[in-house]
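Below: one structure, written as structure tokens.
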Amino acid sequence: MLPLMRFCREHTIDLPSFVRGIGPFSSAPRELARSYRRILGAATLADLPEPGPGVPEFIFNTTNMEQNTRFSFSKREAYDRSVGTICSPRFPLTEVIAASSAFPPIFAPFEFDMGQDDWAPGHQWADDVDASYRGRIALADGGIYDNMGLEPIWKERSILLVSNAGDPFPDDDTPPHQWFSQMRRVIRMMHRQAENNRKRWLIERSRPDITSAAYRQHVALWQIEGSARSYNPPGGAAPVAPGASDAAKHEVRLKALEFDEAEALFQHGYSMADAAVRTWWPAMREKSPPSALPRCPV
């Protein structure tokens, strides 16, 4: 965790990657992948830890721009239900993470070279897919298709802990009339509508009157907007982080953070997660709230 936090605090990689990618022999997505080498080196998906008791499974989601589907990467497989499966992939983590964070229009699409000979038989509707969809695949940020990253797990888990740090949608009593700004706001509105539908679905599945184990799930949802005081956990909420009211105002960028900004985000996320989990997850309701928030590592 410390190397990752240090990387996020010390390195701005979005604008430099864009500028370096303007030349004829590179691209912004490829330069973004090179930027991740500072923390990931030459690691591949095969270097991820083997999932098991106490060891999480890491799944990286992208959006398949060619078919409007989810393309996911893990240690076990690279997978798209409409295209097929590559077993035990060895793709560089720098490229996988760059593809998963390649948000349009600057960093997408990320042209990912999958190779034609590595595909295992997939679902029946993937077995007959045209070979052109299994060569170089255009991928983009996974949040375009599934903003909360729930599809790989929601059918298989009875407990869902959902953190939504997506771009907040601000109220505006004078919405823009200029066409570009207006279109940007409309796209954000459509994105927010999909996000709201997913949140309603999560709340519906966690209703206490659902008795069927096949449908009932324990869900704790928190997001960058709001305050820990909006929850009502037994024993009270965690302390509200200093600067929490400004946490949602930070730009969603791959940009270095000042220490005060990083600590505000770190503590705000901690207090929101603590309040949400102790409110909605039965096994945690008897836990006492922390008396103080942890400090952001230097």
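Simple scheme: letters A, B, ... for chains in structure tokens order, numbers from 1 for residues in each chain, numbers from 1 for ligands in the order shown.
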Excluding region 64-76 of chain A and any residue of its chain fewer than 2 positions from it, enumerate the residues within 7 Å of it, using only C-alpha atoms, and give them as a JSON list (two decimals) with N, CA, C and O atoms, in the first residue's frame.
[["chain", "number", "residue", "atom", "x", "y", "z"],
["A", 45, "LEU", "N", 0.39, -10.40, -15.24],
["A", 45, "LEU", "CA", -0.74, -11.00, -14.52],
["A", 45, "LEU", "C", -0.33, -12.28, -13.81],
["A", 45, "LEU", "O", -0.86, -12.60, -12.74],
["A", 46, "ALA", "N", 0.62, -13.01, -14.38],
["A", 46, "ALA", "CA", 1.08, -14.25, -13.76],
["A", 46, "ALA", "C", 1.78, -14.01, -12.43],
["A", 46, "ALA", "O", 1.89, -14.93, -11.61],
["A", 48, "LEU", "N", 0.72, -12.00, -10.08],
["A", 48, "LEU", "CA", -0.24, -11.71, -9.02],
["A", 48, "LEU", "C", -0.31, -12.89, -8.05],
["A", 48, "LEU", "O", -0.08, -14.04, -8.45],
["A", 58, "PHE", "N", -7.46, -10.33, -7.60],
["A", 58, "PHE", "CA", -7.45, -9.03, -8.27],
["A", 58, "PHE", "C", -8.05, -9.18, -9.66],
["A", 58, "PHE", "O", -7.59, -10.01, -10.46],
["A", 59, "ILE", "N", -9.08, -8.39, -9.93],
["A", 59, "ILE", "CA", -9.74, -8.39, -11.24],
["A", 59, "ILE", "C", -9.71, -6.98, -11.79],
["A", 59, "ILE", "O", -10.13, -6.03, -11.12],
["A", 60, "PHE", "N", -9.21, -6.82, -13.00],
["A", 60, "PHE", "CA", -9.12, -5.52, -13.65],
["A", 60, "PHE", "C", -10.13, -5.47, -14.79],
["A", 60, "PHE", "O", -10.07, -6.28, -15.72],
["A", 61, "ASN", "N", -11.07, -4.54, -14.71],
["A", 61, "ASN", "CA", -12.12, -4.44, -15.72],
["A", 61, "ASN", "C", -11.79, -3.38, -16.75],
["A", 61, "ASN", "O", -11.28, -2.30, -16.42],
["A", 62, "THR", "N", -12.10, -3.68, -17.99],
["A", 62, "THR", "CA", -12.03, -2.70, -19.07],
["A", 62, "THR", "C", -13.34, -2.78, -19.86],
["A", 62, "THR", "O", -14.14, -3.69, -19.66],
["A", 78, "ALA", "N", -8.15, -13.95, -18.96],
["A", 78, "ALA", "CA", -8.60, -12.72, -19.60],
["A", 78, "ALA", "C", -9.86, -13.10, -20.34],
["A", 78, "ALA", "O", -9.87, -14.06, -21.11],
["A", 79, "TYR", "N", -10.94, -12.33, -20.12],
["A", 79, "TYR", "CA", -12.24, -12.89, -20.45],
["A", 79, "TYR", "C", -13.23, -11.82, -20.91],
["A", 79, "TYR", "O", -13.32, -10.74, -20.35],
["A", 80, "ASP", "N", -13.96, -12.15, -21.99],
["A", 80, "ASP", "CA", -15.09, -11.37, -22.46],
["A", 80, "ASP", "C", -16.13, -12.38, -22.94],
["A", 80, "ASP", "O", -15.84, -13.20, -23.81],
["A", 87, "CYS", "N", -6.73, -18.38, -21.06],
["A", 87, "CYS", "CA", -6.41, -18.96, -19.76],
["A", 87, "CYS", "C", -4.96, -18.62, -19.37],
["A", 87, "CYS", "O", -4.07, -18.58, -20.23],
["A", 88, "SER", "N", -4.75, -18.41, -18.07],
["A", 88, "SER", "CA", -3.41, -18.12, -17.52],
["A", 88, "SER", "C", -2.68, -17.06, -18.34],
["A", 88, "SER", "O", -1.57, -17.30, -18.85],
["A", 89, "PRO", "N", -3.25, -15.88, -18.51],
["A", 89, "PRO", "CA", -2.61, -14.85, -19.34],
["A", 89, "PRO", "C", -1.35, -14.30, -18.70],
["A", 89, "PRO", "O", -1.17, -14.34, -17.48],
["A", 138, "ALA", "N", -9.81, -2.97, -29.03],
["A", 138, "ALA", "CA", -9.84, -1.60, -28.54],
["A", 138, "ALA", "C", -10.53, -1.58, -27.17],
["A", 138, "ALA", "O", -11.73, -1.84, -27.06],
["A", 139, "LEU", "N", -9.75, -1.26, -26.13],
["A", 139, "LEU", "CA", -10.26, -1.26, -24.76],
["A", 139, "LEU", "C", -10.21, 0.14, -24.17],
["A", 139, "LEU", "O", -9.44, 0.98, -24.59],
["A", 140, "ALA", "N", -11.06, 0.36, -23.17],
["A", 140, "ALA", "CA", -11.11, 1.65, -22.49],
["A", 140, "ALA", "C", -11.46, 1.42, -21.03],
["A", 140, "ALA", "O", -11.66, 0.29, -20.58],
["A", 145, "TYR", "N", -18.51, 0.81, -18.93],
["A", 145, "TYR", "CA", -19.51, -0.27, -18.99],
["A", 145, "TYR", "C", -20.06, -0.62, -17.62],
["A", 145, "TYR", "O", -21.26, -0.86, -17.47]]
All residues 12 Å or closer to Ala194 (chain A), only C-alpha atoms, same chain fewer than 2 positions away omitted, as a PyMOL selection string: chain A and resi 143-148+187-192+196-201
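CA of Ser227 (chain A) to CA of Val252 (chain A) spans 19.1 Å [interatomic distance, one decimal].
In this model, the gap between CA of Ala98 (chain A) and CA of Gly149 (chain A) comes to 16.0 Å.
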Ala165 (chain A) surroundings by only C-alpha atoms, 12 Å radius, close-in-sequence under 6 positions cut, as a ChimeraX atom specification: /A:143,147-149,195,221-226,247-253,265-266,268-269,272-273
query: DSSP on the backbone: what in region 214-267 of chain A comes out alpha helix (DSSP H), as an MDAnalysis selection string?
result: chainID A and resid 244:247 259:267
- line: Counting only C-alpha atoms, closest pick from A:Ser100, A:Arg229, A:Glu261, A:Leu254 relative to Ala276 (chain A) is A:Arg229
field: Selection: 8 Å around Ala238 (chain A), only C-alpha atoms, excl. self and same-chain fewer than 5 positions, as a ChimeraX atom specification
entry: /A:228,271,274-275,289-293
message: My list of candidates is A:Glu77, A:Glu57, A:Asp173, A:Glu10. Which is closest to Ala120 (chain A) when distances are computed with only C-alpha atoms?
response: A:Glu77
- line: With distances taken over only C-alpha atoms, the candidate from A:Phe259, A:Arg81, A:Asp14, A:Gly21 nearest Phe103 (chain A) is A:Asp14
query: Excluding same-chain residues fewer than 5 positions from Met5 (chain A), what lies within 9 Å of it counting only C-alpha atoms, as a ChimeraX atom specification?
result: /A:10,262,296-298
- prompt: Leaving out Val219 (chain A) and any residue of its chain fewer than 4 positions from it, which residues lie within 9 Å of it when counting only C-alpha atoms, given as a PyMOL selection string?
  reply: chain A and resi 158-162+202-203+205-206+277+280-281
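The coordinates place CA of Ser132 (chain A) at 12.8 Å from CA of Ser82 (chain A).
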Using only C-alpha atoms, which protein or nucleic acid residues come within 12 Å of Val19 (chain A)? Drop anything in the same chain fewer than 5 positions from it, and give the result as an mmCIF file with C-alpha atoms, in the first residue's frame.
data_model
loop_
_atom_site.group_PDB
_atom_site.id
_atom_site.type_symbol
_atom_site.label_atom_id
_atom_site.label_comp_id
_atom_site.auth_asym_id
_atom_site.auth_seq_id
_atom_site.Cartn_x
_atom_site.Cartn_y
_atom_site.Cartn_z
ATOM 1 C CA ILE A 13 1.135 11.085 -15.260
ATOM 2 C CA ASP A 14 -1.918 12.147 -17.264
ATOM 3 C CA PRO A 24 4.225 9.729 -34.529
ATOM 4 C CA SER A 26 3.724 6.492 -29.677
ATOM 5 C CA SER A 27 0.268 7.212 -28.251
ATOM 6 C CA ALA A 28 -1.150 8.605 -25.023
ATOM 7 C CA PRO A 29 -2.416 5.162 -23.851
ATOM 8 C CA ARG A 30 0.989 3.570 -24.457
ATOM 9 C CA GLU A 31 2.745 6.395 -22.632
ATOM 10 C CA LEU A 32 0.307 5.932 -19.745
ATOM 11 C CA ILE A 106 -7.419 11.249 -24.542
ATOM 12 C CA PHE A 107 -6.403 7.779 -23.355
#
